[in-house]
>>> print(open('query_3.cif').read())   # mmCIF, N, CA and C atoms
data_upload
loop_
_atom_site.group_PDB
_atom_site.id
_atom_site.type_symbol
_atom_site.label_atom_id
_atom_site.label_comp_id
_atom_site.auth_asym_id
_atom_site.auth_seq_id
_atom_site.Cartn_x
_atom_site.Cartn_y
_atom_site.Cartn_z
ATOM 1 N N MET A 1 4.960 -6.703 -1.646
ATOM 2 C CA MET A 1 4.674 -5.547 -0.830
ATOM 3 C C MET A 1 3.181 -5.218 -0.975
ATOM 4 N N SER A 2 2.564 -4.980 0.115
ATOM 5 C CA SER A 2 1.130 -4.670 0.071
ATOM 6 C C SER A 2 0.923 -3.159 0.146
ATOM 7 N N THR A 3 -0.220 -2.756 -0.364
ATOM 8 C CA THR A 3 -0.579 -1.342 -0.306
ATOM 9 C C THR A 3 -1.856 -1.207 0.495
ATOM 10 N N GLN A 4 -2.094 -0.042 0.980
ATOM 11 C CA GLN A 4 -3.347 0.198 1.690
ATOM 12 C C GLN A 4 -3.938 1.513 1.217
ATOM 13 N N THR A 5 -5.236 1.600 1.329
ATOM 14 C CA THR A 5 -5.942 2.781 0.853
ATOM 15 C C THR A 5 -5.712 3.956 1.796
ATOM 16 N N LYS A 6 -5.986 5.151 1.307
ATOM 17 C CA LYS A 6 -5.893 6.343 2.158
ATOM 18 C C LYS A 6 -6.910 6.259 3.283
ATOM 19 N N GLY A 7 -8.076 5.674 2.978
ATOM 20 C CA GLY A 7 -9.102 5.517 4.012
ATOM 21 C C GLY A 7 -8.614 4.671 5.173
ATOM 22 N N LYS A 8 -7.904 3.590 4.858
ATOM 23 C CA LYS A 8 -7.402 2.728 5.935
ATOM 24 C C LYS A 8 -6.313 3.448 6.725
ATOM 25 N N THR A 9 -5.478 4.227 6.031
ATOM 26 C CA THR A 9 -4.439 4.978 6.724
ATOM 27 C C THR A 9 -5.055 5.977 7.695
ATOM 28 N N VAL A 10 -6.074 6.693 7.252
ATOM 29 C CA VAL A 10 -6.765 7.658 8.115
ATOM 30 C C VAL A 10 -7.417 6.934 9.285
ATOM 31 N N PHE A 11 -8.063 5.794 9.004
ATOM 32 C CA PHE A 11 -8.680 5.016 10.079
ATOM 33 C C PHE A 11 -7.643 4.599 11.114
ATOM 34 N N LEU A 12 -6.515 4.066 10.670
ATOM 35 C CA LEU A 12 -5.483 3.599 11.603
ATOM 36 C C LEU A 12 -4.946 4.744 12.456
ATOM 37 N N LEU A 13 -4.718 5.899 11.849
ATOM 38 C CA LEU A 13 -4.204 7.043 12.610
ATOM 39 C C LEU A 13 -5.227 7.549 13.630
ATOM 40 N N THR A 14 -6.488 7.675 13.213
ATOM 41 C CA THR A 14 -7.496 8.157 14.167
ATOM 42 C C THR A 14 -7.747 7.130 15.263
ATOM 43 N N SER A 15 -7.686 5.865 14.903
ATOM 44 C CA SER A 15 -7.857 4.820 15.913
ATOM 45 C C SER A 15 -6.719 4.869 16.925
ATOM 46 N N MET A 16 -5.500 5.070 16.432
ATOM 47 C CA MET A 16 -4.343 5.147 17.324
ATOM 48 C C MET A 16 -4.485 6.324 18.287
ATOM 49 N N VAL A 17 -4.916 7.459 17.780
ATOM 50 C CA VAL A 17 -5.109 8.639 18.636
ATOM 51 C C VAL A 17 -6.169 8.348 19.699
ATOM 52 N N GLY A 18 -7.263 7.691 19.296
ATOM 53 C CA GLY A 18 -8.312 7.339 20.255
ATOM 54 C C GLY A 18 -7.802 6.441 21.363
ATOM 55 N N TRP A 19 -7.026 5.414 20.986
ATOM 56 C CA TRP A 19 -6.493 4.510 22.004
ATOM 57 C C TRP A 19 -5.490 5.219 22.908
ATOM 58 N N LEU A 20 -4.677 6.106 22.342
ATOM 59 C CA LEU A 20 -3.717 6.855 23.156
ATOM 60 C C LEU A 20 -4.425 7.786 24.146
ATOM 61 N N LEU A 21 -5.458 8.484 23.689
ATOM 62 C CA LEU A 21 -6.184 9.393 24.583
ATOM 63 C C LEU A 21 -6.920 8.635 25.684
ATOM 64 N N SER A 22 -7.526 7.516 25.352
ATOM 65 C CA SER A 22 -8.223 6.755 26.397
ATOM 66 C C SER A 22 -7.217 6.133 27.369
ATOM 67 N N GLY A 23 -6.047 5.751 26.880
ATOM 68 C CA GLY A 23 -4.991 5.257 27.781
ATOM 69 C C GLY A 23 -4.479 6.358 28.691
ATOM 70 N N GLY A 24 -4.337 7.567 28.132
ATOM 71 C CA GLY A 24 -3.924 8.711 28.946
ATOM 72 C C GLY A 24 -4.939 9.028 30.025
ATOM 73 N N ALA A 25 -6.219 8.887 29.688
ATOM 74 C CA ALA A 25 -7.268 9.113 30.685
ATOM 75 C C ALA A 25 -7.171 8.092 31.805
ATOM 76 N N LEU A 26 -6.852 6.847 31.458
ATOM 77 C CA LEU A 26 -6.687 5.811 32.492
ATOM 78 C C LEU A 26 -5.515 6.139 33.409
ATOM 79 N N ILE A 27 -4.428 6.609 32.824
ATOM 80 C CA ILE A 27 -3.268 6.986 33.640
ATOM 81 C C ILE A 27 -3.631 8.142 34.569
ATOM 82 N N TYR A 28 -4.371 9.114 34.040
ATOM 83 C CA TYR A 28 -4.802 10.260 34.843
ATOM 84 C C TYR A 28 -5.718 9.820 35.990
ATOM 85 N N LEU A 29 -6.470 8.745 35.770
ATOM 86 C CA LEU A 29 -7.397 8.243 36.791
ATOM 87 C C LEU A 29 -6.726 7.383 37.861
ATOM 88 N N THR A 30 -5.471 7.039 37.676
ATOM 89 C CA THR A 30 -4.794 6.119 38.601
ATOM 90 C C THR A 30 -4.909 6.529 40.068
ATOM 91 N N PRO A 31 -4.634 7.772 40.443
ATOM 92 C CA PRO A 31 -4.758 8.121 41.868
ATOM 93 C C PRO A 31 -6.191 7.959 42.383
ATOM 94 N N PHE A 32 -7.159 8.381 41.574
ATOM 95 C CA PHE A 32 -8.566 8.262 41.965
ATOM 96 C C PHE A 32 -8.954 6.791 42.137
ATOM 97 N N LEU A 33 -8.574 5.963 41.177
ATOM 98 C CA LEU A 33 -8.902 4.534 41.253
ATOM 99 C C LEU A 33 -8.205 3.854 42.425
ATOM 100 N N ALA A 34 -6.953 4.240 42.679
ATOM 101 C CA ALA A 34 -6.221 3.668 43.816
ATOM 102 C C ALA A 34 -6.927 4.005 45.120
ATOM 103 N N ASN A 35 -7.427 5.225 45.229
ATOM 104 C CA ASN A 35 -8.130 5.641 46.438
ATOM 105 C C ASN A 35 -9.485 4.938 46.561
ATOM 106 N N GLN A 36 -10.120 4.638 45.444
ATOM 107 C CA GLN A 36 -11.411 3.954 45.478
ATOM 108 C C GLN A 36 -11.261 2.456 45.752
ATOM 109 N N VAL A 37 -10.272 1.835 45.137
ATOM 110 C CA VAL A 37 -10.088 0.379 45.245
ATOM 111 C C VAL A 37 -9.437 -0.001 46.569
ATOM 112 N N SER A 38 -8.432 0.753 46.956
ATOM 113 C CA SER A 38 -7.685 0.414 48.173
ATOM 114 C C SER A 38 -7.455 1.672 49.005
ATOM 115 N N PRO A 39 -8.509 2.191 49.628
ATOM 116 C CA PRO A 39 -8.349 3.435 50.385
ATOM 117 C C PRO A 39 -7.433 3.238 51.600
ATOM 118 N N SER A 40 -6.551 4.180 51.760
ATOM 119 C CA SER A 40 -5.646 4.168 52.914
ATOM 120 C C SER A 40 -5.299 5.621 53.231
ATOM 121 N N ASP A 41 -4.563 5.824 54.302
ATOM 122 C CA ASP A 41 -4.128 7.171 54.649
ATOM 123 C C ASP A 41 -3.257 7.763 53.543
ATOM 124 N N THR A 42 -2.442 6.912 52.926
ATOM 125 C CA THR A 42 -1.544 7.381 51.864
ATOM 126 C C THR A 42 -2.316 7.825 50.634
ATOM 127 N N THR A 43 -3.270 6.993 50.167
ATOM 128 C CA THR A 43 -4.038 7.380 48.978
ATOM 129 C C THR A 43 -4.938 8.571 49.267
ATOM 130 N N HIS A 44 -5.432 8.664 50.485
ATOM 131 C CA HIS A 44 -6.256 9.817 50.861
ATOM 132 C C HIS A 44 -5.421 11.104 50.836
ATOM 133 N N LEU A 45 -4.210 11.036 51.376
ATOM 134 C CA LEU A 45 -3.307 12.193 51.363
ATOM 135 C C LEU A 45 -2.917 12.544 49.924
ATOM 136 N N TRP A 46 -2.688 11.526 49.116
ATOM 137 C CA TRP A 46 -2.354 11.723 47.707
ATOM 138 C C TRP A 46 -3.484 12.497 47.007
ATOM 139 N N MET A 47 -4.712 12.049 47.211
ATOM 140 C CA MET A 47 -5.866 12.708 46.601
ATOM 141 C C MET A 47 -6.049 14.128 47.143
ATOM 142 N N GLU A 48 -5.841 14.285 48.426
ATOM 143 C CA GLU A 48 -5.979 15.609 49.039
ATOM 144 C C GLU A 48 -5.002 16.603 48.417
ATOM 145 N N ASN A 49 -3.749 16.181 48.258
ATOM 146 C CA ASN A 49 -2.735 17.043 47.647
ATOM 147 C C ASN A 49 -3.044 17.325 46.179
ATOM 148 N N LEU A 50 -3.496 16.316 45.468
ATOM 149 C CA LEU A 50 -3.836 16.502 44.058
ATOM 150 C C LEU A 50 -5.026 17.447 43.894
ATOM 151 N N MET A 51 -6.017 17.316 44.758
ATOM 152 C CA MET A 51 -7.202 18.173 44.685
ATOM 153 C C MET A 51 -6.836 19.631 44.935
ATOM 154 N N ARG A 52 -5.888 19.861 45.824
ATOM 155 C CA ARG A 52 -5.431 21.230 46.065
ATOM 156 C C ARG A 52 -4.801 21.832 44.823
ATOM 157 N N GLY A 53 -4.216 20.971 43.998
ATOM 158 C CA GLY A 53 -3.569 21.428 42.767
ATOM 159 C C GLY A 53 -4.505 21.470 41.574
ATOM 160 N N GLY A 54 -5.778 21.153 41.776
ATOM 161 C CA GLY A 54 -6.739 21.242 40.683
ATOM 162 C C GLY A 54 -7.053 19.923 39.998
ATOM 163 N N TYR A 55 -6.630 18.806 40.574
ATOM 164 C CA TYR A 55 -6.925 17.499 39.991
ATOM 165 C C TYR A 55 -8.425 17.260 39.986
ATOM 166 N N ASN A 56 -8.952 16.875 38.814
ATOM 167 C CA ASN A 56 -10.378 16.614 38.687
ATOM 168 C C ASN A 56 -10.576 15.346 37.851
ATOM 169 N N PRO A 57 -10.852 14.204 38.486
ATOM 170 C CA PRO A 57 -10.988 12.959 37.739
ATOM 171 C C PRO A 57 -12.240 12.896 36.860
ATOM 172 N N THR A 58 -13.177 13.833 37.035
ATOM 173 C CA THR A 58 -14.394 13.826 36.224
ATOM 174 C C THR A 58 -14.062 14.007 34.747
ATOM 175 N N LEU A 59 -13.102 14.848 34.447
ATOM 176 C CA LEU A 59 -12.693 15.064 33.062
ATOM 177 C C LEU A 59 -12.217 13.753 32.431
ATOM 178 N N ALA A 60 -11.394 13.010 33.143
ATOM 179 C CA ALA A 60 -10.888 11.743 32.620
ATOM 180 C C ALA A 60 -12.003 10.711 32.505
ATOM 181 N N LEU A 61 -12.910 10.705 33.477
ATOM 182 C CA LEU A 61 -14.019 9.743 33.416
ATOM 183 C C LEU A 61 -14.930 10.014 32.221
ATOM 184 N N LEU A 62 -15.336 11.268 32.061
ATOM 185 C CA LEU A 62 -16.247 11.609 30.965
ATOM 186 C C LEU A 62 -15.534 11.653 29.619
ATOM 187 N N GLY A 63 -14.432 12.370 29.570
ATOM 188 C CA GLY A 63 -13.693 12.501 28.310
ATOM 189 C C GLY A 63 -13.095 11.185 27.850
ATOM 190 N N GLY A 64 -12.391 10.533 28.749
ATOM 191 C CA GLY A 64 -11.768 9.248 28.395
ATOM 192 C C GLY A 64 -12.793 8.175 28.080
ATOM 193 N N GLY A 65 -13.883 8.170 28.840
ATOM 194 C CA GLY A 65 -14.938 7.183 28.580
ATOM 195 C C GLY A 65 -15.605 7.390 27.237
ATOM 196 N N SER A 66 -15.869 8.653 26.904
ATOM 197 C CA SER A 66 -16.504 8.921 25.605
ATOM 198 C C SER A 66 -15.541 8.658 24.451
ATOM 199 N N ILE A 67 -14.271 8.998 24.620
ATOM 200 C CA ILE A 67 -13.281 8.713 23.577
ATOM 201 C C ILE A 67 -13.130 7.209 23.391
ATOM 202 N N LEU A 68 -13.101 6.466 24.487
ATOM 203 C CA LEU A 68 -13.012 5.004 24.396
ATOM 204 C C LEU A 68 -14.226 4.432 23.671
ATOM 205 N N ALA A 69 -15.421 4.913 24.009
ATOM 206 C CA ALA A 69 -16.637 4.426 23.355
ATOM 207 C C ALA A 69 -16.618 4.745 21.859
ATOM 208 N N LEU A 70 -16.212 5.957 21.495
ATOM 209 C CA LEU A 70 -16.137 6.331 20.081
ATOM 210 C C LEU A 70 -15.088 5.513 19.329
ATOM 211 N N THR A 71 -13.963 5.247 19.980
ATOM 212 C CA THR A 71 -12.908 4.457 19.347
ATOM 213 C C THR A 71 -13.369 3.026 19.109
ATOM 214 N N VAL A 72 -13.991 2.422 20.110
ATOM 215 C CA VAL A 72 -14.495 1.053 19.953
ATOM 216 C C VAL A 72 -15.588 1.013 18.888
ATOM 217 N N LEU A 73 -16.486 1.983 18.908
ATOM 218 C CA LEU A 73 -17.541 2.053 17.898
ATOM 219 C C LEU A 73 -16.943 2.242 16.502
ATOM 220 N N GLY A 74 -15.973 3.125 16.382
ATOM 221 C CA GLY A 74 -15.309 3.337 15.098
ATOM 222 C C GLY A 74 -14.626 2.088 14.586
ATOM 223 N N ASN A 75 -13.968 1.355 15.479
ATOM 224 C CA ASN A 75 -13.329 0.098 15.085
ATOM 225 C C ASN A 75 -14.371 -0.921 14.628
ATOM 226 N N ALA A 76 -15.466 -1.023 15.352
ATOM 227 C CA ALA A 76 -16.517 -1.970 14.980
ATOM 228 C C ALA A 76 -17.112 -1.619 13.617
ATOM 229 N N VAL A 77 -17.384 -0.347 13.398
ATOM 230 C CA VAL A 77 -17.942 0.084 12.108
ATOM 231 C C VAL A 77 -16.953 -0.201 10.988
ATOM 232 N N TRP A 78 -15.687 0.142 11.201
ATOM 233 C CA TRP A 78 -14.689 -0.071 10.165
ATOM 234 C C TRP A 78 -14.584 -1.548 9.801
ATOM 235 N N TYR A 79 -14.398 -2.400 10.791
ATOM 236 C CA TYR A 79 -14.178 -3.815 10.503
ATOM 237 C C TYR A 79 -15.432 -4.514 9.985
ATOM 238 N N ASN A 80 -16.611 -4.036 10.343
ATOM 239 C CA ASN A 80 -17.836 -4.664 9.843
ATOM 240 C C ASN A 80 -18.247 -4.178 8.465
ATOM 241 N N PHE A 81 -17.959 -2.927 8.136
ATOM 242 C CA PHE A 81 -18.478 -2.372 6.895
ATOM 243 C C PHE A 81 -17.438 -1.994 5.851
ATOM 244 N N PHE A 82 -16.214 -1.674 6.263
ATOM 245 C CA PHE A 82 -15.256 -1.141 5.304
ATOM 246 C C PHE A 82 -14.034 -2.009 5.076
ATOM 247 N N GLU A 83 -13.622 -2.800 6.013
ATOM 248 C CA GLU A 83 -12.408 -3.590 5.882
ATOM 249 C C GLU A 83 -12.510 -4.526 4.682
ATOM 250 N N GLY A 84 -11.584 -4.364 3.746
ATOM 251 C CA GLY A 84 -11.533 -5.229 2.573
ATOM 252 C C GLY A 84 -12.539 -4.886 1.495
ATOM 253 N N LYS A 85 -13.340 -3.852 1.685
ATOM 254 C CA LYS A 85 -14.365 -3.502 0.701
ATOM 255 C C LYS A 85 -13.854 -2.517 -0.354
ATOM 256 N N ALA A 86 -12.832 -1.756 -0.009
ATOM 257 C CA ALA A 86 -12.321 -0.749 -0.941
ATOM 258 C C ALA A 86 -11.629 -1.435 -2.110
ATOM 259 N N GLU A 87 -11.826 -0.874 -3.278
ATOM 260 C CA GLU A 87 -11.241 -1.455 -4.480
ATOM 261 C C GLU A 87 -9.723 -1.361 -4.404
ATOM 262 N N GLY A 88 -9.078 -2.459 -4.683
ATOM 263 C CA GLY A 88 -7.628 -2.480 -4.686
ATOM 264 C C GLY A 88 -7.008 -2.645 -3.318
ATOM 265 N N SER A 89 -7.813 -2.769 -2.300
ATOM 266 C CA SER A 89 -7.227 -2.919 -0.965
ATOM 267 C C SER A 89 -6.873 -4.366 -0.723
ATOM 268 N N THR A 90 -5.955 -4.566 0.169
ATOM 269 C CA THR A 90 -5.561 -5.924 0.536
ATOM 270 C C THR A 90 -5.959 -6.160 1.970
ATOM 271 N N THR A 91 -6.219 -7.401 2.271
ATOM 272 C CA THR A 91 -6.543 -7.754 3.650
ATOM 273 C C THR A 91 -5.446 -8.645 4.192
ATOM 274 N N ASP A 92 -5.408 -8.765 5.480
ATOM 275 C CA ASP A 92 -4.411 -9.604 6.126
ATOM 276 C C ASP A 92 -4.875 -11.049 6.245
ATOM 277 N N LYS A 93 -6.052 -11.338 5.729
ATOM 278 C CA LYS A 93 -6.573 -12.688 5.836
ATOM 279 C C LYS A 93 -5.856 -13.591 4.840
ATOM 280 N N PRO A 94 -5.467 -14.792 5.279
ATOM 281 C CA PRO A 94 -4.780 -15.684 4.346
ATOM 282 C C PRO A 94 -5.738 -16.169 3.261
ATOM 283 N N SER A 95 -5.191 -16.371 2.106
ATOM 284 C CA SER A 95 -5.976 -16.829 0.967
ATOM 285 C C SER A 95 -6.340 -18.286 1.142
ATOM 286 N N ALA A 96 -7.500 -18.662 0.638
ATOM 287 C CA ALA A 96 -7.945 -20.057 0.731
ATOM 288 C C ALA A 96 -7.156 -20.930 -0.217
ATOM 289 N N LYS A 97 -6.629 -20.349 -1.288
ATOM 290 C CA LYS A 97 -5.855 -21.111 -2.270
ATOM 291 C C LYS A 97 -4.405 -21.169 -1.857
ATOM 292 N N ARG A 98 -3.810 -22.304 -2.086
ATOM 293 C CA ARG A 98 -2.393 -22.463 -1.809
ATOM 294 C C ARG A 98 -1.656 -22.601 -3.115
ATOM 295 N N HIS A 99 -0.560 -21.928 -3.207
ATOM 296 C CA HIS A 99 0.285 -22.023 -4.395
ATOM 297 C C HIS A 99 1.457 -22.908 -4.071
ATOM 298 N N HIS A 100 1.689 -23.893 -4.945
ATOM 299 C CA HIS A 100 2.825 -24.810 -4.709
ATOM 300 C C HIS A 100 3.927 -24.511 -5.672
#
>>> encode(input="query_3.cif", output="structure tokens")
Amino acid sequence: MSTQTKGKTVFLLTSMVGWLLSGGALIYLTPFLANQVSPSDTTHLWMENLMRGGYNPTLALLGGGSILALTVLGNAVWYNFFEGKAEGSTTDKPSAKRHH
């Protein structure tokens, strides 16, 4: 059984939240993207109705984009500087030595 440090647990949880929020932003952007990629009377009507209800894709673009950038940056920093460096931590990398 392997153990992991509290730091890795915190990293995994915050990373998961970042990926979930950026995924939610993508879902929120679906009507806007559909109207931009494949404009039609249906997508235009969809956007018109959503706008009347207060739909604002700018929040998802800015918020989701910044959360995605922070999550990717956090993952890069973690894996480049901290992964496997903590005392007593285990890594998922296979050992070079083989036991027979």
>>> atom_distance(input="query_3.cif", atom1="CA of Ser22 in chain A", atom2="atom C of Gly64 in chain A")
5.1 Å
>>> axis_aligned_box(input="query_3.cif", around="range 57-74 of chain A", padding_each_side="3 Å", output="lines of an AutoDock Vina configuration file")
center_x = -14.2
center_y = 8.0
center_z = 26.5
size_x = 12.7
size_y = 20.1
size_z = 29.9
>>> atom_distance(input="query_3.cif", atom1="CA of Leu59 in chain A", atom2="CA of Met47 in chain A")
15.3 Å
>>> closest_residue(input="query_3.cif", among="A:Ala76, A:Leu70, A:Leu45, A:Leu26", to="Thr58 in chain A", atoms="only C-alpha atoms")
A:Leu26
>>> atom_distance(input="query_3.cif", atom1="CA of Glu48 in chain A", atom2="atom C of Gly24 in chain A")
20.1 Å
>>> select_by_dssp(input="query_3.cif", residues="chain A", states="alpha helix (DSSP H)", output="NGL selection string")
:A and (6-37 or 41-52 or 57-59 or 65-77)
>>> closest_residue(input="query_3.cif", among="A:Lys8, A:Leu29, A:Leu13, A:Trp19", to="Asn56 in chain A", atoms="all atoms listed in the file")
A:Leu29
>>> closest_residue(input="query_3.cif", among="A:Ser38, A:Arg52, A:Phe11, A:Gln4", to="Trp78 in chain A", atoms="all atoms listed in the file")
A:Phe11
